[in-house]
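Student: Sharing data-v9.txt (compact mmCIF, C-alpha atoms) below.
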```txt
# COMPACT_ATOMS: atom_id res chain seq x y z
CA MET V 9 22.44 -9.80 -4.34
CA ASN V 10 20.60 -12.57 -6.16
CA LYS V 11 17.95 -12.30 -8.80
CA LEU V 12 14.43 -12.60 -7.46
CA GLU V 13 11.79 -14.21 -9.66
CA LEU V 14 9.43 -11.51 -10.90
CA SER V 15 6.45 -13.62 -9.82
CA LYS V 16 7.48 -13.07 -6.17
CA VAL V 17 7.79 -9.31 -6.27
CA TYR V 18 4.25 -8.77 -4.95
CA GLN V 19 5.19 -10.56 -1.72
CA ILE V 20 7.55 -7.69 -0.93
CA ILE V 21 5.34 -4.75 -1.94
CA GLU V 22 1.89 -5.99 -0.89
CA PRO V 23 2.60 -5.75 2.88
CA GLY V 24 3.03 -1.96 2.51
CA PRO V 25 6.59 -1.22 3.68
CA VAL V 26 8.19 2.20 3.44
CA VAL V 27 10.54 2.13 0.45
CA PHE V 28 13.19 4.22 -1.22
CA LEU V 29 12.76 5.34 -4.83
CA THR V 30 15.96 6.13 -6.72
CA THR V 31 16.34 7.98 -9.99
CA ALA V 32 19.26 9.11 -12.19
CA HIS V 33 18.94 12.20 -14.35
CA GLU V 34 21.48 14.40 -16.07
CA GLY V 35 24.36 12.53 -14.49
CA ARG V 36 23.07 12.68 -10.92
CA ALA V 37 21.47 9.98 -8.81
CA ASN V 38 18.86 10.84 -6.22
CA VAL V 39 16.73 8.99 -3.68
CA MET V 40 13.43 9.75 -1.95
CA THR V 41 11.32 8.00 0.69
CA MET V 42 7.92 6.71 -0.43
CA SER V 43 4.93 5.16 1.34
CA TRP V 44 2.14 5.61 -1.20
CA HIS V 45 2.44 2.63 -3.51
CA MET V 46 0.55 -0.59 -4.26
CA MET V 47 0.65 -3.65 -6.47
CA VAL V 48 -1.44 -3.46 -9.64
CA ASP V 49 -0.65 -6.79 -11.25
CA PHE V 50 1.24 -9.99 -10.40
CA GLU V 51 3.26 -10.85 -13.51
CA PRO V 52 4.79 -8.98 -15.02
CA PRO V 53 4.67 -7.16 -11.70
CA GLN V 54 3.14 -3.71 -11.97
CA ILE V 55 3.19 -1.12 -9.21
CA ALA V 56 1.36 2.19 -8.90
CA CYS V 57 2.93 4.96 -6.85
CA ILE V 58 2.38 8.60 -6.00
CA VAL V 59 5.35 10.90 -6.48
CA SER V 60 4.36 14.47 -5.74
CA ALA V 61 5.31 17.17 -8.22
CA ALA V 62 6.85 18.89 -5.19
CA ASN V 63 9.46 16.11 -4.92
CA TYR V 64 12.77 16.71 -6.67
CA SER V 65 12.53 13.13 -8.00
CA PHE V 66 9.37 13.94 -9.94
CA ALA V 67 11.13 15.59 -12.89
CA ALA V 68 13.70 12.80 -13.10
CA LEU V 69 11.03 10.12 -13.07
CA GLN V 70 9.00 11.90 -15.70
CA ALA V 71 11.99 12.58 -17.95
CA THR V 72 13.80 9.22 -17.71
CA LYS V 73 10.79 6.97 -17.10
CA GLU V 74 13.01 4.75 -14.95
CA CYS V 75 13.53 4.18 -11.25
CA VAL V 76 14.49 1.62 -8.63
CA ILE V 77 12.32 0.76 -5.65
CA ALA V 78 14.69 -0.27 -2.85
CA VAL V 79 13.23 -1.84 0.28
CA PRO V 80 14.93 -1.10 3.61
CA ALA V 81 14.80 -3.21 6.74
CA ARG V 82 14.49 -1.74 10.20
CA ARG V 83 18.19 -0.97 10.64
CA LEU V 84 17.84 1.68 7.92
CA ALA V 85 15.01 3.52 9.69
CA VAL V 86 17.14 6.56 10.48
CA ALA V 87 18.25 6.83 6.84
CA VAL V 88 14.62 6.50 5.74
CA VAL V 89 13.71 9.57 7.77
CA GLU V 90 16.84 11.52 6.84
CA VAL V 91 16.17 10.88 3.14
CA GLY V 92 12.56 11.95 3.64
CA ASN V 93 13.53 15.12 5.48
CA SER V 94 15.92 16.42 2.79
CA SER V 95 15.92 17.22 -0.91
CA GLY V 96 18.20 16.19 -3.74
CA ARG V 97 18.07 19.82 -4.78
CA ASP V 98 20.39 20.61 -1.87
CA ILE V 99 22.56 17.56 -1.17
CA ASP V 100 23.81 14.23 -2.47
CA LYS V 101 21.68 12.02 -0.26
CA PHE V 102 23.64 8.84 -0.97
CA GLU V 103 26.81 10.46 0.37
CA SER V 104 25.09 12.33 3.18
CA PHE V 105 23.28 9.29 4.59
CA ALA V 106 25.84 6.55 3.82
CA LEU V 107 23.72 4.75 1.24
CA THR V 108 25.73 2.89 -1.39
CA ALA V 109 24.53 3.30 -4.98
CA LYS V 110 25.18 0.23 -7.14
CA PRO V 111 24.63 -0.04 -10.89
CA ALA V 112 21.37 -1.67 -11.93
CA SER V 113 21.17 -3.91 -14.96
CA ARG V 114 18.19 -2.61 -16.91
CA VAL V 115 17.81 1.01 -15.76
CA GLN V 116 20.10 3.98 -15.10
CA ALA V 117 18.72 4.53 -11.59
CA PRO V 118 20.93 2.88 -8.97
CA LEU V 119 20.25 0.00 -6.61
CA ILE V 120 20.91 0.62 -2.90
CA ALA V 121 23.37 -1.93 -1.56
CA GLN V 122 22.07 -1.79 2.03
CA CYS V 123 18.48 -2.63 1.03
CA PHE V 124 17.34 -6.26 1.14
CA ALA V 125 15.31 -5.95 -2.07
CA ASN V 126 15.80 -3.80 -5.15
CA LEU V 127 13.25 -3.59 -7.97
CA GLU V 128 14.31 -2.10 -11.32
CA CYS V 129 11.29 -0.34 -12.81
CA LYS V 130 10.18 1.35 -16.02
CA VAL V 131 7.30 3.81 -16.14
CA ILE V 132 4.62 2.29 -18.37
CA ASP V 133 1.65 4.63 -17.98
CA THR V 134 1.65 8.36 -17.26
CA ARG V 135 -2.04 9.11 -17.91
CA LEU V 136 -2.68 10.01 -14.28
CA VAL V 137 0.51 11.93 -13.56
CA THR V 138 -1.04 15.32 -14.20
CA SER V 139 -4.26 14.73 -12.25
CA HIS V 140 -3.03 12.48 -9.39
CA ASN V 141 0.82 12.39 -9.48
CA LEU V 142 0.31 8.67 -10.11
CA PHE V 143 2.90 6.65 -12.02
CA PHE V 144 2.47 3.07 -13.21
CA LEU V 145 5.68 1.06 -13.05
CA GLU V 146 6.59 -2.33 -14.42
CA VAL V 147 9.29 -4.23 -12.55
CA VAL V 148 11.74 -5.46 -15.19
CA GLU V 149 14.38 -6.96 -12.88
CA ALA V 150 14.38 -7.74 -9.17
CA TRP V 151 17.16 -8.43 -6.65
CA ILE V 152 17.16 -9.91 -3.18
CA ASP V 153 19.96 -9.91 -0.60
CA ARG V 154 19.68 -13.34 0.97
CA ALA V 155 22.34 -12.42 3.54
CA GLN V 156 19.65 -10.37 5.25
CA ARG V 157 17.60 -13.08 6.91
CA ARG V 158 13.96 -12.40 7.70
CA PRO V 159 14.29 -8.65 7.22
CA LYS V 160 11.73 -6.71 9.23
CA THR V 161 10.26 -3.83 7.27
CA ILE V 162 8.90 -0.59 8.68
CA HIS V 163 5.50 0.96 8.05
CA HIS V 164 4.79 4.66 8.36
CA HIS V 165 1.89 5.84 10.53
CA GLY V 166 2.57 9.55 10.04
CA TYR V 167 4.93 12.14 11.53
CA GLY V 168 7.89 9.79 11.93
CA LYS V 169 6.02 7.05 13.77
CA PHE V 170 6.88 3.67 12.31
CA VAL V 171 5.64 0.19 13.17
CA VAL V 172 8.14 -2.62 12.71
CA ASP V 173 7.15 -6.08 11.49
CA GLY V 174 6.32 -8.38 14.38
CA SER V 175 5.28 -12.02 14.49
CA THR V 176 4.21 -14.10 11.49
CA ILE V 177 1.00 -16.11 11.21
CA GLN V 178 0.27 -18.72 8.56
CA LEU V 179 -3.30 -19.49 7.55
CA GLN V 180 -4.78 -21.69 4.84
CA SER V 181 -5.46 -19.21 2.10
CA LYS V 182 -6.46 -19.49 -1.52
CA MET V 183 -5.22 -15.93 -1.90
CA ARG V 184 -2.09 -15.77 -3.97
CA MET I 4 -17.59 4.05 17.14
CA ASN I 5 -16.45 7.67 17.07
CA LYS I 6 -15.92 9.92 14.11
CA LEU I 7 -12.34 10.12 12.95
CA GLU I 8 -11.10 13.40 11.48
CA LEU I 9 -10.64 12.93 7.74
CA SER I 10 -7.16 14.46 7.97
CA LYS I 11 -6.05 11.38 9.96
CA VAL I 12 -7.30 8.71 7.58
CA TYR I 13 -3.91 8.36 5.84
CA GLN I 14 -2.37 7.22 9.15
CA ILE I 15 -4.49 4.08 8.94
CA ILE I 16 -4.07 3.26 5.26
CA GLU I 17 -0.45 4.31 4.63
CA PRO I 18 1.05 1.43 6.70
CA GLY I 19 -0.44 -1.06 4.24
CA PRO I 20 -2.78 -3.28 6.34
CA VAL I 21 -5.03 -5.90 4.83
CA VAL I 22 -8.55 -4.47 4.76
CA PHE I 23 -12.11 -5.48 4.05
CA LEU I 24 -14.09 -3.76 1.32
CA THR I 25 -17.87 -3.87 1.68
CA THR I 26 -20.51 -3.07 -0.91
CA ALA I 27 -24.31 -3.15 -1.10
CA HIS I 28 -26.07 -3.79 -4.37
CA GLU I 29 -29.60 -4.82 -5.24
CA GLY I 30 -30.49 -5.31 -1.59
CA ARG I 31 -27.50 -7.47 -0.70
CA ALA I 32 -24.38 -6.58 1.21
CA ASN I 33 -21.04 -8.23 0.43
CA VAL I 34 -17.48 -8.09 1.68
CA MET I 35 -14.09 -8.93 0.15
CA THR I 36 -10.51 -8.93 1.40
CA MET I 37 -8.15 -6.42 -0.19
CA SER I 38 -4.42 -5.76 -0.01
CA TRP I 39 -3.78 -3.66 -3.11
CA HIS I 40 -4.57 -0.11 -2.08
CA MET I 41 -2.71 3.11 -1.36
CA MET I 42 -3.26 6.71 -0.33
CA VAL I 43 -3.45 9.22 -3.18
CA ASP I 44 -4.13 12.44 -1.29
CA PHE I 45 -4.32 13.61 2.32
CA GLU I 46 -7.45 15.78 2.52
CA PRO I 47 -9.98 15.10 1.42
CA PRO I 48 -8.48 11.63 1.75
CA GLN I 49 -8.30 9.79 -1.55
CA ILE I 50 -7.42 6.12 -1.90
CA ALA I 51 -6.66 4.07 -5.00
CA CYS I 52 -7.44 0.36 -4.97
CA ILE I 53 -7.45 -2.62 -7.29
CA VAL I 54 -10.64 -4.67 -7.39
CA SER I 55 -10.34 -7.40 -9.97
CA ALA I 56 -13.18 -7.88 -12.43
CA ALA I 57 -13.11 -11.50 -11.24
CA ASN I 58 -14.31 -10.40 -7.78
CA TYR I 59 -18.04 -10.50 -7.16
CA SER I 60 -17.69 -7.05 -5.54
CA PHE I 61 -16.52 -5.52 -8.83
CA ALA I 62 -19.98 -5.15 -10.35
CA ALA I 63 -21.42 -3.71 -7.14
CA LEU I 64 -18.61 -1.16 -6.84
CA GLN I 65 -18.97 -0.14 -10.45
CA ALA I 66 -22.76 0.11 -10.29
CA THR I 67 -23.18 1.85 -6.92
CA LYS I 68 -19.89 3.78 -6.84
CA GLU I 69 -19.88 3.34 -3.06
CA CYS I 70 -18.05 1.13 -0.58
CA VAL I 71 -16.66 0.93 2.93
CA ILE I 72 -13.05 0.10 3.73
CA ALA I 73 -13.06 -1.64 7.12
CA VAL I 74 -9.74 -2.27 8.85
CA PRO I 75 -9.39 -5.43 10.95
CA ALA I 76 -6.97 -6.01 13.77
CA ARG I 77 -5.14 -9.28 14.31
CA ARG I 78 -7.99 -11.04 16.10
CA LEU I 79 -9.93 -10.98 12.81
CA ALA I 80 -7.17 -12.74 10.83
CA VAL I 81 -9.17 -15.95 10.38
CA ALA I 82 -12.18 -14.00 9.09
CA VAL I 83 -9.86 -12.11 6.72
CA VAL I 84 -8.79 -15.37 5.13
CA GLU I 85 -12.27 -16.90 5.14
CA VAL I 86 -13.68 -13.83 3.41
CA GLY I 87 -10.81 -13.97 0.90
CA ASN I 88 -11.36 -17.67 0.22
CA SER I 89 -15.07 -17.40 -0.58
CA SER I 90 -17.37 -15.50 -2.92
CA GLY I 91 -20.50 -13.46 -2.31
CA ARG I 92 -21.91 -15.29 -5.31
CA ASP I 93 -22.28 -18.37 -3.11
CA ILE I 94 -22.83 -17.24 0.47
CA ASP I 95 -23.69 -14.37 2.78
CA LYS I 96 -20.21 -13.75 4.11
CA PHE I 97 -21.34 -11.56 7.00
CA GLU I 98 -23.47 -14.37 8.37
CA SER I 99 -21.01 -17.14 7.51
CA PHE I 100 -18.03 -15.49 9.21
CA ALA I 101 -19.78 -13.71 12.08
CA LEU I 102 -19.11 -10.19 10.85
CA THR I 103 -21.69 -7.64 11.96
CA ALA I 104 -22.90 -5.23 9.29
CA LYS I 105 -23.85 -1.82 10.64
CA PRO I 106 -25.48 1.02 8.70
CA ALA I 107 -23.09 3.68 7.43
CA SER I 108 -24.08 7.33 7.36
CA ARG I 109 -23.17 8.48 3.85
CA VAL I 110 -23.15 5.27 1.77
CA GLN I 111 -25.31 2.17 1.41
CA ALA I 112 -22.40 -0.21 1.96
CA PRO I 113 -22.23 -1.36 5.59
CA LEU I 114 -19.63 -0.74 8.27
CA ILE I 115 -18.20 -3.83 10.02
CA ALA I 116 -18.72 -3.56 13.77
CA GLN I 117 -15.70 -5.72 14.66
CA CYS I 118 -13.23 -3.54 12.70
CA PHE I 119 -11.37 -0.79 14.56
CA ALA I 120 -11.65 1.65 11.63
CA ASN I 121 -14.33 2.08 8.96
CA LEU I 122 -14.01 4.46 6.04
CA GLU I 123 -17.10 5.38 4.01
CA CYS I 124 -16.02 5.91 0.40
CA LYS I 125 -17.39 7.16 -2.91
CA VAL I 126 -15.84 6.23 -6.23
CA ILE I 127 -14.59 9.48 -7.81
CA ASP I 128 -12.65 8.34 -10.88
CA THR I 129 -13.19 5.26 -13.01
CA ARG I 130 -10.86 6.10 -15.91
CA LEU I 131 -8.54 3.21 -15.12
CA VAL I 132 -11.11 0.57 -14.23
CA THR I 133 -11.11 -0.99 -17.67
CA SER I 134 -7.34 -1.06 -18.16
CA HIS I 135 -6.12 -1.70 -14.60
CA ASN I 136 -9.15 -2.55 -12.39
CA LEU I 137 -8.18 0.60 -10.52
CA PHE I 138 -10.78 2.63 -8.62
CA PHE I 139 -10.20 6.04 -7.05
CA LEU I 140 -12.11 6.52 -3.81
CA GLU I 141 -12.75 9.57 -1.70
CA VAL I 142 -13.32 8.98 1.99
CA VAL I 143 -16.42 10.97 2.94
CA GLU I 144 -16.81 9.79 6.54
CA ALA I 145 -14.50 7.88 8.87
CA TRP I 146 -15.08 5.98 12.11
CA ILE I 147 -12.75 4.69 14.78
CA ASP I 148 -13.48 2.27 17.62
CA ARG I 149 -11.48 3.69 20.51
CA ALA I 150 -12.35 0.66 22.66
CA GLN I 151 -9.80 -1.25 20.58
CA ARG I 152 -6.56 0.07 22.04
CA ARG I 153 -3.44 0.00 19.90
CA PRO I 154 -4.93 -2.39 17.35
CA LYS I 155 -2.27 -4.45 15.59
CA THR I 156 -2.95 -4.76 11.88
CA ILE I 157 -1.92 -7.64 9.64
CA HIS I 158 0.00 -7.44 6.37
CA HIS I 159 -0.22 -10.06 3.64
CA HIS I 160 2.99 -11.60 2.27
CA GLY I 161 1.25 -14.04 -0.06
CA TYR I 162 -0.43 -17.44 0.28
CA GLY I 163 -1.93 -16.82 3.71
CA LYS I 164 1.29 -15.65 5.37
CA PHE I 165 0.64 -12.52 7.40
CA VAL I 166 2.97 -10.36 9.44
CA VAL I 167 1.47 -8.71 12.51
CA ASP I 168 2.45 -5.22 13.66
CA GLY I 169 5.33 -5.34 16.13
CA SER I 170 7.12 -2.60 18.02
CA THR I 171 6.79 1.13 17.35
CA ILE I 172 9.65 3.54 16.76
CA GLN I 173 9.39 7.32 16.79
CA LEU I 174 11.82 9.43 14.79
CA GLN I 175 12.00 13.17 14.12
CA SER I 176 10.37 13.42 10.75
CA LYS I 177 9.18 16.30 8.62
CA MET I 178 7.08 13.76 6.77
CA ARG I 179 3.42 14.24 7.40
```
As structure tokens, what does this structure read like?

Tutor:
Amino acid sequence: MNKLELSKVYQIIEPGPVVFLTTAHEGRANVMTMSWHMMVDFEPPQIACIVSAANYSFAALQATKECVIAVPARRLAVAVVEVGNSSGRDIDKFESFALTAKPASRVQAPLIAQCFANLECKVIDTRLVTSHNLFFLEVVEAWIDRAQRRPKTIHHHGYGKFVVDGSTIQLQSKMR
Amino acid sequence: MNKLELSKVYQIIEPGPVVFLTTAHEGRANVMTMSWHMMVDFEPPQIACIVSAANYSFAALQATKECVIAVPARRLAVAVVEVGNSSGRDIDKFESFALTAKPASRVQAPLIAQCFANLECKVIDTRLVTSHNLFFLEVVEAWIDRAQRRPKTIHHHGYGKFVVDGSTIQLQSKMR
């Protein structure tokens, strides 16, 4: 994996792919599936996300204030659902679903080797955790696997229905 | 357009499509393009979004606390970019880009007739507007145009590059 410039992180998150969120707490790594997230700022890149208090990852995120957002391509769709259907309370999801945890550089939470992008994040604002389960993250380091060419992401439409990236169109935009 | 059950709104927003956001303020309607938004709760559906203070729509949203999120399919991609490239300070974007404003039922902001989904929203929390330009919306009424079959949404990857929805996969998920 190569470093990705932080100024390009929004190009990965803005399209709205399903992602993994990893944490490490009390000597154990865990991973959940997440679809409720958005960019908040370009650089340094800030991301808001909803992690329900019902998720096992919630306590880890709140206690350690660190996580990794790992972005899977289509070939990981089955793992995405398996991770979403199970809880770290019961199993080691990395082992159970053949995801390879790799050390990150700036946070204790692991990268996922099979994902084409990995974003190391620190929690920077917890004011809305109690009322909305909303965490603000700052991406402090980002990685891209250039061996995965044109990875197609998947987008959740509810109840296990996913739409895969299709064709690309290029228009003359002033939008960043 | 038919009413859409509020419990199904997340299925439209969760996949991360580019959307329009309309407002009406001091007798004038306006529309902007938006990609930074996410679901916050299922029902009643709540959405968080970033509307920069640099956008002309910001003042209208803050003053009226109402808007419509209108979701375009691929055929509106050029209008999406044109709306994003221009400001309501200078032009009437509905007229300029052939978008048809239609009266909403619960808010002053207009629906967009060409969009396959329209969500009437009220601003419910402005605590993070000053620090993050973040508005919390509650969807109070939702509309779907069933004449648009299997609309393919577009997802912004930066600088006018959009990825269009491709194939669909169905997996056995416990995820809502």

Student: Could you superpose chain V on chain I by least squares over every Cα, matched in sequence order, and send it back as a compact mmCIF listing (two decimals) with C-alpha atoms, in the coordinates of the input?

Tutor:
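File written: part26.txt
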```txt
# COMPACT_ATOMS: atom_id res chain seq x y z
CA MET V 9 -17.56 4.05 17.14
CA ASN V 10 -16.45 7.67 17.06
CA LYS V 11 -15.93 9.92 14.10
CA LEU V 12 -12.34 10.13 12.96
CA GLU V 13 -11.10 13.39 11.47
CA LEU V 14 -10.64 12.93 7.74
CA SER V 15 -7.15 14.45 7.98
CA LYS V 16 -6.04 11.37 9.97
CA VAL V 17 -7.29 8.72 7.58
CA TYR V 18 -3.91 8.36 5.86
CA GLN V 19 -2.36 7.22 9.15
CA ILE V 20 -4.49 4.09 8.95
CA ILE V 21 -4.08 3.26 5.25
CA GLU V 22 -0.46 4.31 4.63
CA PRO V 23 1.05 1.45 6.70
CA GLY V 24 -0.46 -1.07 4.24
CA PRO V 25 -2.77 -3.28 6.32
CA VAL V 26 -5.03 -5.92 4.83
CA VAL V 27 -8.55 -4.47 4.76
CA PHE V 28 -12.11 -5.49 4.06
CA LEU V 29 -14.10 -3.76 1.32
CA THR V 30 -17.88 -3.87 1.69
CA THR V 31 -20.50 -3.08 -0.92
CA ALA V 32 -24.32 -3.15 -1.08
CA HIS V 33 -26.08 -3.79 -4.37
CA GLU V 34 -29.60 -4.83 -5.24
CA GLY V 35 -30.49 -5.30 -1.59
CA ARG V 36 -27.50 -7.46 -0.69
CA ALA V 37 -24.36 -6.57 1.22
CA ASN V 38 -21.07 -8.24 0.43
CA VAL V 39 -17.49 -8.09 1.69
CA MET V 40 -14.11 -8.94 0.15
CA THR V 41 -10.52 -8.94 1.40
CA MET V 42 -8.16 -6.42 -0.20
CA SER V 43 -4.42 -5.76 -0.01
CA TRP V 44 -3.78 -3.67 -3.11
CA HIS V 45 -4.57 -0.12 -2.07
CA MET V 46 -2.69 3.12 -1.36
CA MET V 47 -3.24 6.71 -0.33
CA VAL V 48 -3.45 9.22 -3.18
CA ASP V 49 -4.13 12.43 -1.29
CA PHE V 50 -4.32 13.62 2.33
CA GLU V 51 -7.45 15.78 2.54
CA PRO V 52 -9.98 15.09 1.43
CA PRO V 53 -8.46 11.63 1.75
CA GLN V 54 -8.30 9.79 -1.55
CA ILE V 55 -7.43 6.12 -1.91
CA ALA V 56 -6.66 4.06 -5.00
CA CYS V 57 -7.44 0.36 -4.97
CA ILE V 58 -7.45 -2.62 -7.30
CA VAL V 59 -10.63 -4.67 -7.38
CA SER V 60 -10.35 -7.41 -9.97
CA ALA V 61 -13.18 -7.89 -12.43
CA ALA V 62 -13.11 -11.50 -11.24
CA ASN V 63 -14.30 -10.40 -7.78
CA TYR V 64 -18.04 -10.50 -7.15
CA SER V 65 -17.69 -7.04 -5.55
CA PHE V 66 -16.52 -5.51 -8.81
CA ALA V 67 -19.99 -5.15 -10.35
CA ALA V 68 -21.41 -3.71 -7.13
CA LEU V 69 -18.62 -1.17 -6.84
CA GLN V 70 -18.97 -0.14 -10.45
CA ALA V 71 -22.76 0.12 -10.30
CA THR V 72 -23.19 1.85 -6.92
CA LYS V 73 -19.91 3.78 -6.83
CA GLU V 74 -19.87 3.34 -3.05
CA CYS V 75 -18.04 1.14 -0.58
CA VAL V 76 -16.66 0.94 2.94
CA ILE V 77 -13.05 0.10 3.73
CA ALA V 78 -13.06 -1.65 7.11
CA VAL V 79 -9.75 -2.26 8.85
CA PRO V 80 -9.38 -5.44 10.93
CA ALA V 81 -6.97 -6.01 13.78
CA ARG V 82 -5.15 -9.27 14.30
CA ARG V 83 -8.00 -11.05 16.09
CA LEU V 84 -9.93 -11.00 12.81
CA ALA V 85 -7.18 -12.75 10.84
CA VAL V 86 -9.18 -15.94 10.40
CA ALA V 87 -12.18 -13.99 9.08
CA VAL V 88 -9.87 -12.10 6.71
CA VAL V 89 -8.79 -15.37 5.13
CA GLU V 90 -12.26 -16.91 5.15
CA VAL V 91 -13.67 -13.82 3.41
CA GLY V 92 -10.83 -13.99 0.90
CA ASN V 93 -11.35 -17.68 0.22
CA SER V 94 -15.08 -17.41 -0.60
CA SER V 95 -17.38 -15.50 -2.92
CA GLY V 96 -20.51 -13.47 -2.32
CA ARG V 97 -21.91 -15.28 -5.32
CA ASP V 98 -22.29 -18.37 -3.12
CA ILE V 99 -22.82 -17.25 0.48
CA ASP V 100 -23.69 -14.37 2.78
CA LYS V 101 -20.20 -13.76 4.12
CA PHE V 102 -21.33 -11.56 7.01
CA GLU V 103 -23.47 -14.39 8.37
CA SER V 104 -21.01 -17.14 7.51
CA PHE V 105 -18.02 -15.49 9.20
CA ALA V 106 -19.77 -13.71 12.10
CA LEU V 107 -19.11 -10.19 10.85
CA THR V 108 -21.70 -7.64 11.96
CA ALA V 109 -22.89 -5.23 9.27
CA LYS V 110 -23.85 -1.80 10.64
CA PRO V 111 -25.47 1.03 8.69
CA ALA V 112 -23.09 3.69 7.43
CA SER V 113 -24.08 7.33 7.34
CA ARG V 114 -23.17 8.48 3.85
CA VAL V 115 -23.14 5.28 1.77
CA GLN V 116 -25.32 2.17 1.41
CA ALA V 117 -22.39 -0.20 1.96
CA PRO V 118 -22.22 -1.36 5.58
CA LEU V 119 -19.62 -0.74 8.26
CA ILE V 120 -18.20 -3.82 10.01
CA ALA V 121 -18.72 -3.55 13.76
CA GLN V 122 -15.70 -5.72 14.67
CA CYS V 123 -13.24 -3.55 12.71
CA PHE V 124 -11.36 -0.79 14.54
CA ALA V 125 -11.67 1.65 11.63
CA ASN V 126 -14.34 2.08 8.98
CA LEU V 127 -13.99 4.46 6.03
CA GLU V 128 -17.10 5.38 4.02
CA CYS V 129 -16.02 5.91 0.41
CA LYS V 130 -17.39 7.15 -2.90
CA VAL V 131 -15.83 6.25 -6.23
CA ILE V 132 -14.60 9.48 -7.81
CA ASP V 133 -12.65 8.34 -10.86
CA THR V 134 -13.19 5.25 -13.00
CA ARG V 135 -10.85 6.09 -15.91
CA LEU V 136 -8.53 3.20 -15.11
CA VAL V 137 -11.11 0.57 -14.24
CA THR V 138 -11.12 -0.98 -17.69
CA SER V 139 -7.34 -1.05 -18.17
CA HIS V 140 -6.11 -1.70 -14.59
CA ASN V 141 -9.16 -2.55 -12.40
CA LEU V 142 -8.17 0.60 -10.51
CA PHE V 143 -10.77 2.63 -8.62
CA PHE V 144 -10.20 6.04 -7.05
CA LEU V 145 -12.11 6.52 -3.81
CA GLU V 146 -12.74 9.58 -1.70
CA VAL V 147 -13.31 8.97 2.00
CA VAL V 148 -16.42 10.97 2.93
CA GLU V 149 -16.80 9.81 6.54
CA ALA V 150 -14.50 7.88 8.86
CA TRP V 151 -15.08 5.97 12.11
CA ILE V 152 -12.74 4.69 14.78
CA ASP V 153 -13.47 2.26 17.62
CA ARG V 154 -11.49 3.69 20.51
CA ALA V 155 -12.36 0.65 22.64
CA GLN V 156 -9.80 -1.24 20.58
CA ARG V 157 -6.57 0.07 22.03
CA ARG V 158 -3.44 -0.01 19.90
CA PRO V 159 -4.92 -2.40 17.35
CA LYS V 160 -2.27 -4.44 15.58
CA THR V 161 -2.96 -4.78 11.88
CA ILE V 162 -1.92 -7.64 9.63
CA HIS V 163 0.00 -7.44 6.37
CA HIS V 164 -0.21 -10.06 3.65
CA HIS V 165 2.99 -11.59 2.27
CA GLY V 166 1.24 -14.03 -0.06
CA TYR V 167 -0.43 -17.44 0.27
CA GLY V 168 -1.92 -16.82 3.71
CA LYS V 169 1.28 -15.65 5.37
CA PHE V 170 0.64 -12.53 7.41
CA VAL V 171 2.98 -10.35 9.44
CA VAL V 172 1.48 -8.71 12.51
CA ASP V 173 2.44 -5.23 13.67
CA GLY V 174 5.31 -5.33 16.13
CA SER V 175 7.12 -2.59 18.02
CA THR V 176 6.79 1.14 17.35
CA ILE V 177 9.66 3.55 16.74
CA GLN V 178 9.39 7.33 16.79
CA LEU V 179 11.82 9.45 14.79
CA GLN V 180 12.00 13.18 14.11
CA SER V 181 10.35 13.44 10.74
CA LYS V 182 9.16 16.31 8.61
CA MET V 183 7.07 13.75 6.75
CA ARG V 184 3.40 14.22 7.42
```

Student: Please write as a compact mmCIF listing (two decimals) with C-alpha atoms, in the frame of the given file the list of polymer residues whose atoms come within 12 Å of (-19.9, -3.2, -11.8), counting all atoms listed in the file and keeping to the coordinates of the file.

Tutor:
```txt
# COMPACT_ATOMS: atom_id res chain seq x y z
CA THR I 26 -20.51 -3.07 -0.91
CA ALA I 27 -24.31 -3.15 -1.10
CA HIS I 28 -26.07 -3.79 -4.37
CA GLU I 29 -29.60 -4.82 -5.24
CA VAL I 54 -10.64 -4.67 -7.39
CA SER I 55 -10.34 -7.40 -9.97
CA ALA I 56 -13.18 -7.88 -12.43
CA ALA I 57 -13.11 -11.50 -11.24
CA ASN I 58 -14.31 -10.40 -7.78
CA TYR I 59 -18.04 -10.50 -7.16
CA SER I 60 -17.69 -7.05 -5.54
CA PHE I 61 -16.52 -5.52 -8.83
CA ALA I 62 -19.98 -5.15 -10.35
CA ALA I 63 -21.42 -3.71 -7.14
CA LEU I 64 -18.61 -1.16 -6.84
CA GLN I 65 -18.97 -0.14 -10.45
CA ALA I 66 -22.76 0.11 -10.29
CA THR I 67 -23.18 1.85 -6.92
CA LYS I 68 -19.89 3.78 -6.84
CA GLU I 69 -19.88 3.34 -3.06
CA VAL I 126 -15.84 6.23 -6.23
CA THR I 129 -13.19 5.26 -13.01
CA VAL I 132 -11.11 0.57 -14.23
CA THR I 133 -11.11 -0.99 -17.67
CA ASN I 136 -9.15 -2.55 -12.39
CA PHE I 138 -10.78 2.63 -8.62
```

Student: Once you count all atoms listed in the file, which residues end up no further than 6 Å from (2.4, -17.0, 10.9) in the file's frame, shown as a list in words?

Tutor: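 The residues that fall inside the cut-off are Thr176, Ile177 and Gln178 of chain V; Lys164 and Phe165 of chain I.
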
Student: Would you mind telling me which residue in V:Met9, V:Cys75, V:Met40, V:Leu29 lies nearest to chain I when using only C-alpha atoms?

Tutor: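 Once distances to chain I are computed over only C-alpha atoms, the minimum belongs to V:Met40.
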
Student: Give me, as a ChimeraX atom specification, the residues of chain V touching chain I, with the criterion being at most 8 Å (counting only C-alpha atoms).

Tutor: /V:18-20,22-26,43-48,58,86,89-90,92-93,140,142,163-184

Student: I'd like the interatomic distance between CA of Phe23 (chain I) and CA of Met37 (chain I), to a tenth of an Å.

Tutor: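 Taking CA of Phe23 (chain I) and CA of Met37 (chain I), their separation equals 5.9 Å.
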